[in-house]
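Asker: This one is structure.txt, compact mmCIF, C-alpha atoms.
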```txt
# COMPACT_ATOMS: atom_id res chain seq x y z
CA MET A 1 3.67 35.32 -45.87
CA LYS A 2 2.28 31.87 -45.16
CA ASN A 3 4.83 30.34 -47.49
CA ASN A 4 7.58 32.32 -45.77
CA ASN A 5 6.46 31.01 -42.39
CA SER A 6 6.42 27.37 -43.44
CA GLN A 7 9.90 27.79 -44.88
CA LYS A 8 11.00 29.24 -41.55
CA ASN A 9 9.55 26.28 -39.66
CA GLN A 10 11.23 23.86 -42.05
CA LYS A 11 14.58 25.56 -41.42
CA LEU A 12 14.02 25.51 -37.66
CA ARG A 13 13.32 21.79 -37.89
CA ASN A 14 16.53 21.28 -39.87
CA ASP A 15 18.47 23.28 -37.25
CA ILE A 16 17.18 21.01 -34.50
CA ILE A 17 17.95 17.86 -36.52
CA LEU A 18 21.49 19.17 -37.13
CA ALA A 19 22.08 19.85 -33.42
CA VAL A 20 20.68 16.48 -32.35
CA VAL A 21 22.78 14.58 -34.95
CA ILE A 22 26.02 16.32 -33.85
CA VAL A 23 25.35 15.71 -30.14
CA PHE A 24 24.34 12.10 -30.83
CA ILE A 25 27.52 11.34 -32.82
CA ALA A 26 29.69 12.97 -30.12
CA ALA A 27 27.92 11.07 -27.33
CA ALA A 28 28.28 7.75 -29.21
CA GLY A 29 31.99 8.46 -29.76
CA LEU A 30 32.55 9.32 -26.09
CA LEU A 31 30.66 6.21 -25.00
CA LEU A 32 32.83 4.08 -27.30
CA PHE A 33 35.92 5.78 -25.90
CA VAL A 34 34.88 5.16 -22.29
CA LEU A 35 33.92 1.51 -22.95
CA THR A 36 37.13 0.61 -24.77
CA LYS A 37 39.59 2.31 -22.43
CA GLN A 38 42.12 0.12 -20.64
CA GLU A 39 44.69 0.78 -17.92
CA GLY A 40 48.09 1.67 -19.33
CA SER A 41 51.39 0.39 -18.02
CA THR A 42 53.75 3.14 -19.18
CA VAL A 43 53.79 6.86 -19.70
CA ALA A 44 55.54 8.42 -22.72
CA VAL A 45 56.89 11.97 -22.77
CA LYS A 46 56.71 13.62 -26.19
CA ILE A 47 58.49 16.88 -26.84
CA ASP A 48 57.61 18.58 -30.13
CA GLY A 49 56.13 15.32 -31.43
CA VAL A 50 59.15 13.13 -30.58
CA VAL A 51 59.06 10.55 -27.77
CA THR A 52 62.00 11.42 -25.51
CA ASP A 53 61.35 9.22 -22.47
CA THR A 54 59.12 6.39 -21.30
CA TYR A 55 58.53 5.52 -17.65
CA PRO A 56 56.62 2.62 -16.05
CA LEU A 57 53.49 3.64 -14.17
CA SER A 58 54.16 1.00 -11.48
CA GLU A 59 56.95 2.98 -9.78
CA ASN A 60 56.30 6.27 -8.03
CA ARG A 61 58.67 9.00 -9.21
CA GLU A 62 59.10 12.66 -10.08
CA VAL A 63 60.78 13.73 -13.30
CA SER A 64 61.54 17.26 -14.36
CA ILE A 65 61.09 17.75 -18.09
CA LYS A 66 63.24 20.57 -19.42
CA THR A 67 62.48 22.19 -22.76
CA GLY A 68 63.44 25.31 -24.64
CA GLU A 69 66.76 26.36 -26.09
CA ASN A 70 68.53 26.68 -22.73
CA ASP A 71 66.36 24.22 -20.80
CA GLU A 72 64.60 27.24 -19.33
CA ASN A 73 61.10 25.70 -19.35
CA ILE A 74 60.32 23.19 -16.63
CA ASN A 75 57.40 20.79 -16.17
CA ILE A 76 57.44 18.28 -13.31
CA LEU A 77 55.91 14.93 -14.19
CA THR A 78 54.70 13.02 -11.13
CA ILE A 79 53.92 9.30 -11.26
CA LYS A 80 52.01 8.15 -8.21
CA ASP A 81 49.79 5.12 -7.55
CA GLY A 82 49.73 4.16 -11.23
CA LYS A 83 48.67 7.63 -12.39
CA ALA A 84 50.62 10.36 -14.13
CA SER A 85 50.13 14.09 -13.71
CA ILE A 86 52.00 17.36 -14.10
CA SER A 87 52.46 18.68 -10.58
CA GLU A 88 54.36 21.84 -11.39
CA ALA A 89 55.11 23.93 -14.47
CA ASP A 90 56.36 27.40 -15.31
CA CYS A 91 54.19 27.76 -18.41
CA PRO A 92 51.89 30.81 -18.56
CA ASP A 93 48.50 29.07 -18.69
CA LYS A 94 49.04 26.13 -16.25
CA ILE A 95 46.43 24.07 -18.12
CA CYS A 96 48.69 20.99 -17.85
CA VAL A 97 48.83 21.34 -14.05
CA GLU A 98 45.04 21.67 -13.82
CA THR A 99 44.45 18.59 -15.99
CA ARG A 100 43.53 15.61 -13.78
CA ALA A 101 45.87 12.61 -13.42
CA VAL A 102 45.77 10.13 -16.33
CA SER A 103 46.08 6.33 -16.29
CA PHE A 104 44.15 4.91 -19.26
CA VAL A 105 45.78 4.10 -22.63
CA GLY A 106 45.57 7.07 -24.99
CA GLU A 107 44.87 9.65 -22.28
CA THR A 108 47.05 12.73 -22.62
CA ILE A 109 48.14 15.80 -20.76
CA VAL A 110 49.13 18.60 -23.08
CA CYS A 111 51.27 21.64 -22.39
CA LEU A 112 50.77 23.85 -25.43
CA PRO A 113 53.32 26.57 -24.56
CA HIS A 114 56.15 24.05 -24.01
CA LYS A 115 55.03 21.66 -26.80
CA ILE A 116 54.92 18.72 -24.40
CA VAL A 117 52.49 15.80 -24.59
CA ILE A 118 52.32 13.22 -21.80
CA GLU A 119 50.64 10.11 -23.16
CA ILE A 120 49.66 6.88 -21.42
CA THR A 121 50.84 3.87 -23.43
CA ASN A 122 51.00 0.14 -23.00
CA GLU A 123 54.48 -0.76 -24.17
CA LYS A 124 54.71 -4.05 -22.29
CA THR A 125 51.93 -5.50 -24.43
CA ASP A 126 53.76 -4.33 -27.55
CA ASP A 127 56.87 -6.24 -26.43
CA GLN A 128 54.85 -9.38 -25.85
CA ILE A 129 53.43 -9.20 -29.36
CA ASP A 130 56.95 -8.76 -30.74
CA VAL A 131 58.10 -11.89 -28.88
CA ALA A 132 55.14 -13.88 -30.13
CA VAL A 133 55.94 -12.93 -33.75
CA MET B 1 31.96 56.79 -53.80
CA LYS B 2 29.89 57.93 -50.83
CA LYS B 3 28.45 54.44 -50.44
CA HIS B 4 31.92 52.99 -50.49
CA ILE B 5 33.07 55.25 -47.66
CA ARG B 6 30.00 54.41 -45.62
CA LYS B 7 30.61 50.70 -46.01
CA THR B 8 34.27 51.02 -45.04
CA ALA B 9 33.32 52.95 -41.92
CA VAL B 10 30.63 50.48 -40.85
CA LEU B 11 32.89 47.48 -41.44
CA SER B 12 35.64 49.18 -39.41
CA ILE B 13 33.23 49.63 -36.51
CA LEU B 14 32.17 45.98 -36.79
CA THR B 15 35.84 44.90 -36.80
CA THR B 16 36.35 46.86 -33.59
CA VAL B 17 33.29 45.27 -32.01
CA ALA B 18 34.59 41.80 -32.98
CA LEU B 19 37.98 42.70 -31.48
CA VAL B 20 36.41 43.82 -28.20
CA LEU B 21 34.35 40.62 -28.09
CA SER B 22 37.58 38.61 -28.60
CA TYR B 23 39.09 40.45 -25.64
CA VAL B 24 36.02 39.87 -23.46
CA GLU B 25 36.20 36.18 -24.28
CA ALA B 26 39.94 36.05 -23.52
CA ILE B 27 39.50 37.49 -20.00
CA LEU B 28 36.52 35.26 -19.12
CA PRO B 29 37.56 32.42 -16.79
CA PRO B 30 37.87 29.00 -18.48
CA ILE B 31 34.50 27.24 -18.46
CA TRP B 32 35.94 23.78 -17.82
CA ALA B 33 39.67 23.55 -17.09
CA ALA B 34 39.93 19.82 -17.92
CA VAL B 35 38.99 20.45 -21.56
CA PRO B 36 40.78 23.53 -22.84
CA GLY B 37 39.30 25.19 -25.92
CA ILE B 38 35.68 25.52 -24.81
CA LYS B 39 34.53 28.96 -25.93
CA ILE B 40 31.30 30.76 -26.72
CA GLY B 41 32.74 32.26 -29.89
CA LEU B 42 31.41 35.78 -29.32
CA PRO B 43 33.26 37.33 -32.32
CA ASN B 44 31.41 34.89 -34.56
CA ILE B 45 28.21 36.90 -33.88
CA ILE B 46 29.74 39.71 -35.91
CA ILE B 47 31.15 37.43 -38.63
CA ILE B 48 27.78 35.72 -39.21
CA PHE B 49 26.00 39.08 -39.20
CA ILE B 50 28.34 40.38 -41.92
CA LEU B 51 28.03 37.12 -43.87
CA TYR B 52 24.25 37.65 -44.08
CA LYS B 53 24.23 41.44 -44.36
CA THR B 54 26.92 42.22 -46.93
CA GLY B 55 28.45 38.91 -48.00
CA LEU B 56 31.38 36.53 -47.88
CA LYS B 57 34.07 38.97 -49.06
CA ASP B 58 33.48 41.42 -46.21
CA ALA B 59 33.19 38.59 -43.67
CA ILE B 60 36.62 37.28 -44.73
CA THR B 61 38.16 40.78 -44.63
CA VAL B 62 36.88 41.53 -41.12
CA SER B 63 37.85 38.05 -39.92
CA VAL B 64 41.43 38.32 -41.23
CA ILE B 65 41.95 41.78 -39.71
CA ARG B 66 40.52 40.57 -36.39
CA LEU B 67 42.79 37.48 -36.38
CA PHE B 68 45.95 39.53 -36.88
CA LEU B 69 44.95 42.20 -34.35
CA VAL B 70 44.10 39.58 -31.71
CA ALA B 71 47.44 37.80 -32.27
CA LEU B 72 49.26 41.14 -32.08
CA LEU B 73 47.48 42.42 -28.98
CA PHE B 74 46.89 39.36 -26.81
CA GLY B 75 48.44 36.36 -28.55
CA ASN B 76 51.45 35.15 -30.49
CA ALA B 77 52.33 33.31 -33.72
CA MET B 78 51.22 30.00 -32.20
CA THR B 79 47.76 31.23 -31.19
CA LEU B 80 47.41 32.86 -34.63
CA LEU B 81 47.93 29.45 -36.26
CA TYR B 82 45.19 27.90 -34.12
CA SER B 83 42.66 30.69 -34.51
CA ALA B 84 43.34 31.04 -38.26
CA ALA B 85 42.68 27.33 -38.86
CA GLY B 86 39.48 27.58 -36.85
CA ALA B 87 38.31 30.72 -38.61
CA ILE B 88 39.06 29.47 -42.15
CA LEU B 89 37.23 26.16 -41.67
CA SER B 90 34.40 27.93 -39.86
CA ILE B 91 33.78 30.56 -42.57
CA ALA B 92 34.13 27.98 -45.38
CA LEU B 93 31.57 25.58 -43.90
CA MET B 94 29.19 28.38 -42.83
CA THR B 95 29.20 29.76 -46.39
CA LEU B 96 28.47 26.28 -47.74
CA CYS B 97 25.62 25.83 -45.24
CA LYS B 98 24.15 29.22 -46.10
CA LYS B 99 24.31 28.38 -49.84
CA ILE B 100 22.40 25.09 -49.55
CA ASN B 101 19.62 27.10 -47.82
CA LEU B 102 18.47 24.29 -45.52
CA PHE B 103 19.26 25.95 -42.19
CA SER B 104 18.46 29.23 -40.45
CA MET B 105 21.19 31.46 -39.00
CA VAL B 106 21.18 29.26 -35.89
CA GLY B 107 22.00 26.13 -37.90
CA VAL B 108 24.72 27.96 -39.83
CA SER B 109 26.13 29.22 -36.53
CA ILE B 110 26.18 25.69 -35.05
CA VAL B 111 28.18 24.50 -38.07
CA GLY B 112 30.51 27.49 -37.65
CA GLY B 113 31.10 26.80 -33.97
CA VAL B 114 31.81 23.10 -34.41
CA ALA B 115 34.00 23.78 -37.49
CA HIS B 116 36.04 26.30 -35.47
CA ASN B 117 36.79 23.67 -32.83
CA LEU B 118 37.52 21.07 -35.52
CA GLY B 119 40.04 23.34 -37.25
CA GLN B 120 41.89 23.97 -33.99
CA ILE B 121 41.98 20.27 -33.05
CA LEU B 122 43.32 19.38 -36.52
CA VAL B 123 46.15 21.91 -36.09
CA ALA B 124 46.90 20.56 -32.61
CA MET B 125 47.00 17.02 -34.05
CA ALA B 126 49.43 18.15 -36.76
CA ILE B 127 51.69 20.03 -34.33
CA PHE B 128 51.82 17.30 -31.70
CA GLU B 129 51.77 14.48 -34.28
CA THR B 130 49.26 12.56 -32.21
CA SER B 131 45.70 11.55 -33.02
CA GLN B 132 45.03 10.79 -29.36
CA ILE B 133 43.75 14.28 -28.61
CA GLY B 134 40.99 13.63 -31.16
CA TYR B 135 38.61 12.61 -28.40
CA TYR B 136 38.64 16.22 -27.18
CA MET B 137 36.73 16.94 -30.37
CA LEU B 138 33.81 14.83 -29.12
CA VAL B 139 33.40 17.07 -26.09
CA LEU B 140 34.05 20.22 -28.12
CA ALA B 141 31.40 19.19 -30.69
CA VAL B 142 28.75 19.27 -27.94
CA THR B 143 29.89 22.56 -26.39
CA GLY B 144 30.38 24.05 -29.89
CA THR B 145 26.78 23.16 -30.76
CA ILE B 146 25.41 24.79 -27.59
CA ALA B 147 27.56 27.88 -28.13
CA GLY B 148 26.48 27.98 -31.79
CA VAL B 149 22.82 28.13 -30.82
CA PHE B 150 23.36 31.24 -28.66
CA VAL B 151 25.65 32.93 -31.20
CA GLY B 152 23.12 32.22 -33.98
CA ILE B 153 20.21 33.66 -32.00
CA ALA B 154 22.23 36.78 -31.15
CA ALA B 155 23.28 37.26 -34.78
CA SER B 156 19.71 36.89 -36.08
CA ILE B 157 18.44 39.46 -33.55
CA ILE B 158 21.10 41.93 -34.71
CA LEU B 159 20.32 41.24 -38.38
CA LYS B 160 16.64 41.97 -37.72
CA ARG B 161 17.46 45.27 -36.01
CA PHE B 162 19.59 46.25 -39.00
CA GLU B 163 16.89 45.28 -41.49
CA LYS B 164 16.12 48.85 -42.55
CA ILE B 165 19.67 50.12 -42.29
CA LYS B 166 21.77 49.83 -45.40
CA ILE B 167 25.48 49.17 -45.17
```
Produce structure tokens that represent the structure in this file.
Answerer:
Amino acid sequence: MKNNNSQKNQKLRNDIILAVVIVFIAAAGLLLFVLTKQEGSTVAVKIDGVVTDTYPLSENREVSIKTGENDENINILTIKDGKASISEADCPDKICVETRAVSFVGETIVCLPHKIVIEITNEKTDDQIDVAV
Amino acid sequence: MKKHIRKTAVLSILTTVALVLSYVEAILPPIWAAVPGIKIGLPNIIIIFILYKTGLKDAITVSVIRLFLVALLFGNAMTLLYSAAGAILSIALMTLCKKINLFSMVGVSIVGGVAHNLGQILVAMAIFETSQIGYYMLVLAVTGTIAGVFVGIAASIILKRFEKIKI
């Protein structure tokens, strides 16, 4: 019985170590992500994994993104004050509309039902590198 | 023969319970709208219980039946892909963790919860061909750990209550 108990305590300790290690790694990753983020200059629209359009974040505009076989699915991408968001969509879950506006490189808004990913990029910098080469 | 029938009946009831728990989880409001995918993983209580009570084979059987029924009743082919990836990775890693005998049910459940999230994120990365959503995993790892603790405690309570009952 005593042996059984000590084994139980050992396992409990391992459980706690496991939880702490996972949370620590995740927190370190998030911290790294927050520290290295930079403002993007463009927003790319990906449909089914393919980039279809890229817009500069500097100009305010509204774009309707049509997907589906007969263009029956609509998401409205709004660019305002250097931030991109989905202001309207006819998808069932509306998760993309609820996602807050994005402006940092690598930030995304995802619409799972319509297979759309809105991603903040920094294409101007890419061009500059190309010129330098 | 009689034992076989008894086991089939009990596993059927457990499948139904897992299915109801899936439904309860589906109608709960999203915990945090900005990060989709945060879940408690209620059906995993049943899967872990079966894993400890009767073994891996039955856990896989119940899990597969649950996945298809959930997709049929409240999902579609797309959601099946996500939940199947989560479930496969989850059961595989939980079995491994149980085998090495270092963790209690709570530890195994934490691994299961985080693995479930990881499987779904990997599928999302493959479908959208972007690694950028990977940072969601960092948030999901924390919520998956918290959820895993509760699921593990619940499963160990049920296992204790069933101690004298043979399946």
Asker: Could you name the residues that touch Leu51 of chain B at 12 Å or less, counting only C-alpha atoms, but leaving out those on the same chain fewer than 4 positions away, as a count of residues only?
Answerer: 30
Asker: Please compute the atom CA of Gly152 of chain B-atom CA of Thr15 of chain B distance, one decimal, in Å.
Answerer: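 Going from atom CA of Gly152 of chain B over to atom CA of Thr15 of chain B covers 18.2 Å.
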Asker: Using all atoms listed in the file and a cut-off of 6 Å, which residues of chain B sit close to chain A? Please list them as a PyMOL selection string.
Answerer: chain B and resi 34+102-104+107+128-129+132+138+142
Asker: Which distance in Å separates atom CA of Asp81 of chain A and atom CA of Val51 of chain A, to one decimal?
Answerer: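 We find that atom CA of Asp81 of chain A and atom CA of Val51 of chain A lie 22.9 Å from each other.
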Asker: Give me, please, the distance in Å between atom CA of Ala89 of chain A and atom CA of Thr143 of chain B, quoted to one decimal.
Answerer: 27.9 Å
Asker: With a distance cut-off of 9 Å and only C-alpha atoms, select the neighbouring residues of Thr67 of chain A, excluding the residue or stretch itself and same-chain residues fewer than 2 positions from it, and output the selection as a ChimeraX atom specification.
Answerer: /A:47,65,69-75,114-116
Asker: Could you write out the selected residues, including C-alpha atoms, as a PDB file, keeping the file's coordinate frame?
Answerer:
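Written output follows (again00.pdb):
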```pdb
ATOM      1  CA  ILE A  47      58.490  16.880 -26.840  1.00  0.00           C
ATOM      2  CA  ILE A  65      61.090  17.750 -18.090  1.00  0.00           C
ATOM      3  CA  GLU A  69      66.760  26.360 -26.090  1.00  0.00           C
ATOM      4  CA  ASN A  70      68.530  26.680 -22.730  1.00  0.00           C
ATOM      5  CA  ASP A  71      66.360  24.220 -20.800  1.00  0.00           C
ATOM      6  CA  GLU A  72      64.600  27.240 -19.330  1.00  0.00           C
ATOM      7  CA  ASN A  73      61.100  25.700 -19.350  1.00  0.00           C
ATOM      8  CA  ILE A  74      60.320  23.190 -16.630  1.00  0.00           C
ATOM      9  CA  ASN A  75      57.400  20.790 -16.170  1.00  0.00           C
ATOM     10  CA  HIS A 114      56.150  24.050 -24.010  1.00  0.00           C
ATOM     11  CA  LYS A 115      55.030  21.660 -26.800  1.00  0.00           C
ATOM     12  CA  ILE A 116      54.920  18.720 -24.400  1.00  0.00           C
TER      13      ILE A 116
END
```
Asker: Considering all atoms listed in the file, return as number ranges by chain whatever protein or nucleic-acid residues lie within 9 Å of Phe74 of chain B, sequence-local ones (same chain, fewer than 4 positions apart) excluded.
Answerer: B: 23, 26, 69-70
